[in-house]
Amino acid sequence: MSLYILMESGSSYFIETRTKQEIAGIKSLNQKRIPTVVFEKMEDIPEIYTDPKAVFFITNGINEDNSRYVELCNQNDIPVITLHDKNNAHYKYVYSSITDNDDITASLVYRYFKSNGKNKIAFFGFYANSKSDKSKVNGLYYIDPDFDYQDVFSIKSGFDECMAQYLEHRYEYDGVYFPNDVVAIAFLNYFIENEPQYLEDRFFLGCMDTIMSKLCHVSLSSVTYTLEAVKSAVLQIYRSLINNKNDFKCISIDLNNIIIPRESTQKKALTDTGFFPVQTRRNVSMKFEETEKFDHKSDPAFKDIFLLENLLLNAKTMDLLIIYMFLKGYSNSTITHKLFLTPQALNSHKNNYFKKVGCKDKTDFVKLLSKYISVKHLEEYIQYVSNDITDFSNY
């Protein structure tokens with residue numbers, strides 16, 4: 001009895017970081033007596049064909065690279081679960097799906113903006129080659145009668161071009177909705193450096209709830225589903241498919257998104273909590289032509305945010321404390337004394353950080369940290385991940 005998890009490379013720029021967090025949570029299903037097996041090629045796990053309670057799990061939806069595995073599972077009566085994919089997206093295959101519903105999410109976003117007096121919404125950072133971005137934009141298009149093509153600001157050649165287009169119209173909007181936190185943080189950082197007053201009375205809402213969204217200088221509000229909800233959905237589908245093979249062929253679960261308010265929306269909560277049905281006010285979708293492939297991770301505006309998120313994603317409390325003390329300007333000797341580290345151990349930590357983010361030395365590293373991370377927010381985050389046991393009076 002095992003959940004076989006396919007780990008894929010080259011996933012979407014939007015979901016890669018989030019998926020790492022989700023997989024970590026799903027692997028903890030071992031505690032629920034569901035062993036998890038992580039693999040990269042089907043050839044590595046021949047036991048899947050003889051395991052009567054095997055379930056095949058795909059992290060990034062069905063695509064050209066993994067569809068042959070799905071076909072093999074269908075032929076061998078092995079249930080398939082996909083994450084970040086719609087159940088009706090691939091009619092050739094039988095599979096269960098776990099995803100968020102962008103139409104329902106759009107109604108939540110719409111209510112959040114409108115109930116707080118933010119009537120005109122822009123969508124910034126749209127990438128026409130992303131199915132996720134198109135789905136989010138169309139969700140807003142269906143629900144908001146004031147939202148149209150001119151309110152979509154697209155990334156084609158890069159962030160700077162997109163920002164140049166937006167700047168011409170920035171005072172027309174009460175709020176901005178972003179396809180993901182990375183684009184949102186780059187946007188906030190631009191205005192912090194160039195026009196900080198612009199951020200004072202408008203709403204800025206990202207997606208993903210990354211670690212960096214909590215730590216950036218103006219902490220970013222996010223709309224997202226919880227990691228616990230993903231784990232629960234996998235558990236429910238697994239048990240239902242295994243225990244009711246004669247009754248269920250596939251199950252689709254739409255995750256419930258929530259608003260996490262932070263400084264970018266003045267920490268204001270959703271005040272309109274009543275039922276708000278999704279009503280399609282338009283019977284057609286927005287159409288966008290795909291552009292040349294664009295690598296978000298290579299764009300100067302996004303590159304360092306990705307690197308820092310990856311660093312923090314794998315950071316333990318000790319790593320966070322070292323980074324915190326770097327930002328506070330402490331010397332190496334002070335850090336080793338306060339954290340009970342040997343100089344050799346601190347050097348090992350430092351070199352690991354520098355390598356992950358591409359910095360030459362401590363000065364370069366602190367400069368990068370200071371550009372994006374607030375000391376106050378980092379302190380709050382350390383308190384959160386250490387269950388409030390860290391006494392910062394010692395630091």
# chains A, B, ... in the order shown; residues from 1 in each chain; ligands from 1

call {"tool": "residues_around", "arguments": {"residues": "A:Phe153", "least_positions_apart": "2", "cutoff": "7 Å", "atoms": "only C-alpha atoms", "output": "PDB file with N, CA, C and O atoms, in the first residue's frame"}}
result
ATOM      1  N   PHE A 123      -4.910  43.649 -13.434  1.00  0.00           N
ATOM      2  CA  PHE A 123      -4.196  42.370 -13.317  1.00  0.00           C
ATOM      3  C   PHE A 123      -2.813  42.591 -13.916  1.00  0.00           C
ATOM      4  O   PHE A 123      -2.665  42.811 -15.112  1.00  0.00           O
ATOM      5  N   PHE A 124      -1.785  42.519 -13.076  1.00  0.00           N
ATOM      6  CA  PHE A 124      -0.419  42.858 -13.483  1.00  0.00           C
ATOM      7  C   PHE A 124       0.442  41.606 -13.542  1.00  0.00           C
ATOM      8  O   PHE A 124       0.441  40.786 -12.615  1.00  0.00           O
ATOM      9  N   GLY A 125       1.205  41.471 -14.639  1.00  0.00           N
ATOM     10  CA  GLY A 125       2.155  40.366 -14.748  1.00  0.00           C
ATOM     11  C   GLY A 125       1.593  39.164 -15.474  1.00  0.00           C
ATOM     12  O   GLY A 125       2.124  38.060 -15.348  1.00  0.00           O
ATOM     13  N   PHE A 126       0.543  39.368 -16.259  1.00  0.00           N
ATOM     14  CA  PHE A 126      -0.086  38.281 -17.006  1.00  0.00           C
ATOM     15  C   PHE A 126       0.882  37.709 -18.039  1.00  0.00           C
ATOM     16  O   PHE A 126       1.552  38.445 -18.763  1.00  0.00           O
ATOM     17  N   ASP A 151      -7.252  46.330 -18.773  1.00  0.00           N
ATOM     18  CA  ASP A 151      -6.850  46.216 -17.370  1.00  0.00           C
ATOM     19  C   ASP A 151      -5.862  45.070 -17.138  1.00  0.00           C
ATOM     20  O   ASP A 151      -5.458  44.825 -16.000  1.00  0.00           O
ATOM     21  N   ILE A 155       3.303  40.444 -19.306  1.00  0.00           N
ATOM     22  CA  ILE A 155       4.740  40.256 -19.402  1.00  0.00           C
ATOM     23  C   ILE A 155       5.029  39.536 -20.718  1.00  0.00           C
ATOM     24  O   ILE A 155       4.555  38.422 -20.936  1.00  0.00           O
ATOM     25  N   CYS A 162       6.464  45.518 -18.819  1.00  0.00           N
ATOM     26  CA  CYS A 162       5.143  45.453 -18.199  1.00  0.00           C
ATOM     27  C   CYS A 162       4.921  46.642 -17.270  1.00  0.00           C
ATOM     28  O   CYS A 162       3.856  47.264 -17.270  1.00  0.00           O
ATOM     29  N   TYR A 166       2.183  49.815 -17.249  1.00  0.00           N
ATOM     30  CA  TYR A 166       1.312  50.070 -16.101  1.00  0.00           C
ATOM     31  C   TYR A 166       1.454  51.507 -15.589  1.00  0.00           C
ATOM     32  O   TYR A 166       0.455  52.131 -15.192  1.00  0.00           O
TER      33      TYR A 166
END

call {"tool": "closest_atom_pairs", "arguments": {"of": "stretch 268-361 of chain A", "to": "stretch 180-198 of chain A", "cutoff": "7 Å", "atoms": "only C-alpha atoms", "output": "Markdown table"}}
result
| residue | atom | partner | partner_atom | distance |
| --- | --- | --- | --- | --- |
| A:Ala301 | CA | A:Ala186 | CA | 5.9 |
| A:Phe302 | CA | A:Ala186 | CA | 6.4 |
| A:Ile305 | CA | A:Val182 | CA | 6.5 |

call {"tool": "write_last_selection", "arguments": {"atoms": "C-alpha atoms", "output": "compact mmCIF listing (two decimals), in the first residue's frame"}}
result
# COMPACT_ATOMS: atom_id res chain seq x y z
CA ALA A 301 13.31 41.72 -11.28
CA PHE A 302 12.41 38.15 -10.30
CA ILE A 305 13.19 36.66 -5.23

call {"tool": "closest_residue", "arguments": {"among": "A:Val357, A:Asp364, A:Lys156, A:Glu8", "to": "A:Ser130", "atoms": "only C-alpha atoms"}}
result
A:Lys156

call {"tool": "closest_residue", "arguments": {"among": "A:Asn387, A:Ser132, A:Gly329, A:Asp361", "to": "A:Val375", "atoms": "only C-alpha atoms"}}
result
A:Gly329

call {"tool": "residues_around", "arguments": {"residues": "A:Glu309", "least_positions_apart": "2", "cutoff": "9 Å", "atoms": "only C-alpha atoms", "output": "JSON, numbers by chain"}}
result
{"A": [17, 210, 211, 212, 304, 305, 306, 307, 311, 312, 313, 314]}

call {"tool": "atom_distance", "arguments": {"atom1": "atom CA of A:Glu200", "atom2": "atom CA of A:Gln266"}}
result
8.2 Å

call {"tool": "select_by_dssp", "arguments": {"residues": "stretch 27-182 of chain A", "states": "helix (DSSP H, G or I)", "output": "PyMOL selection string"}}
result
chain A and resi 27-32+42-44+46-49+67-75+102-115+131-143+149-151+159-167+170-172+181-182

call {"tool": "closest_atom_pairs", "arguments": {"of": "stretch 241-312 of chain A", "to": "stretch 51-62 of chain A", "cutoff": "12 Å", "atoms": "only C-alpha atoms", "output": "CSV"}}
result
residue,atom,partner,partner_atom,distance
A:Leu241,CA,A:Val55,CA,8.7
A:Ile242,CA,A:Lys53,CA,6.1
A:Asn243,CA,A:Lys53,CA,9.1
A:Asn244,CA,A:Lys53,CA,11.4
A:Lys245,CA,A:Lys53,CA,10.2
A:Cys250,CA,A:Val55,CA,11.7

call {"tool": "residues_around", "arguments": {"residues": "A:Pro261", "least_positions_apart": "2", "cutoff": "12 Å", "atoms": "only C-alpha atoms", "output": "MDAnalysis selection string"}}
result
chainID A and resid 109 112:113 203:207 209 213:214 218:224 258:259 263:271

call {"tool": "closest_residue", "arguments": {"among": "A:Tyr141, A:Phe178, A:Tyr91, A:Tyr127", "to": "A:Lys293", "atoms": "only C-alpha atoms"}}
result
A:Tyr127
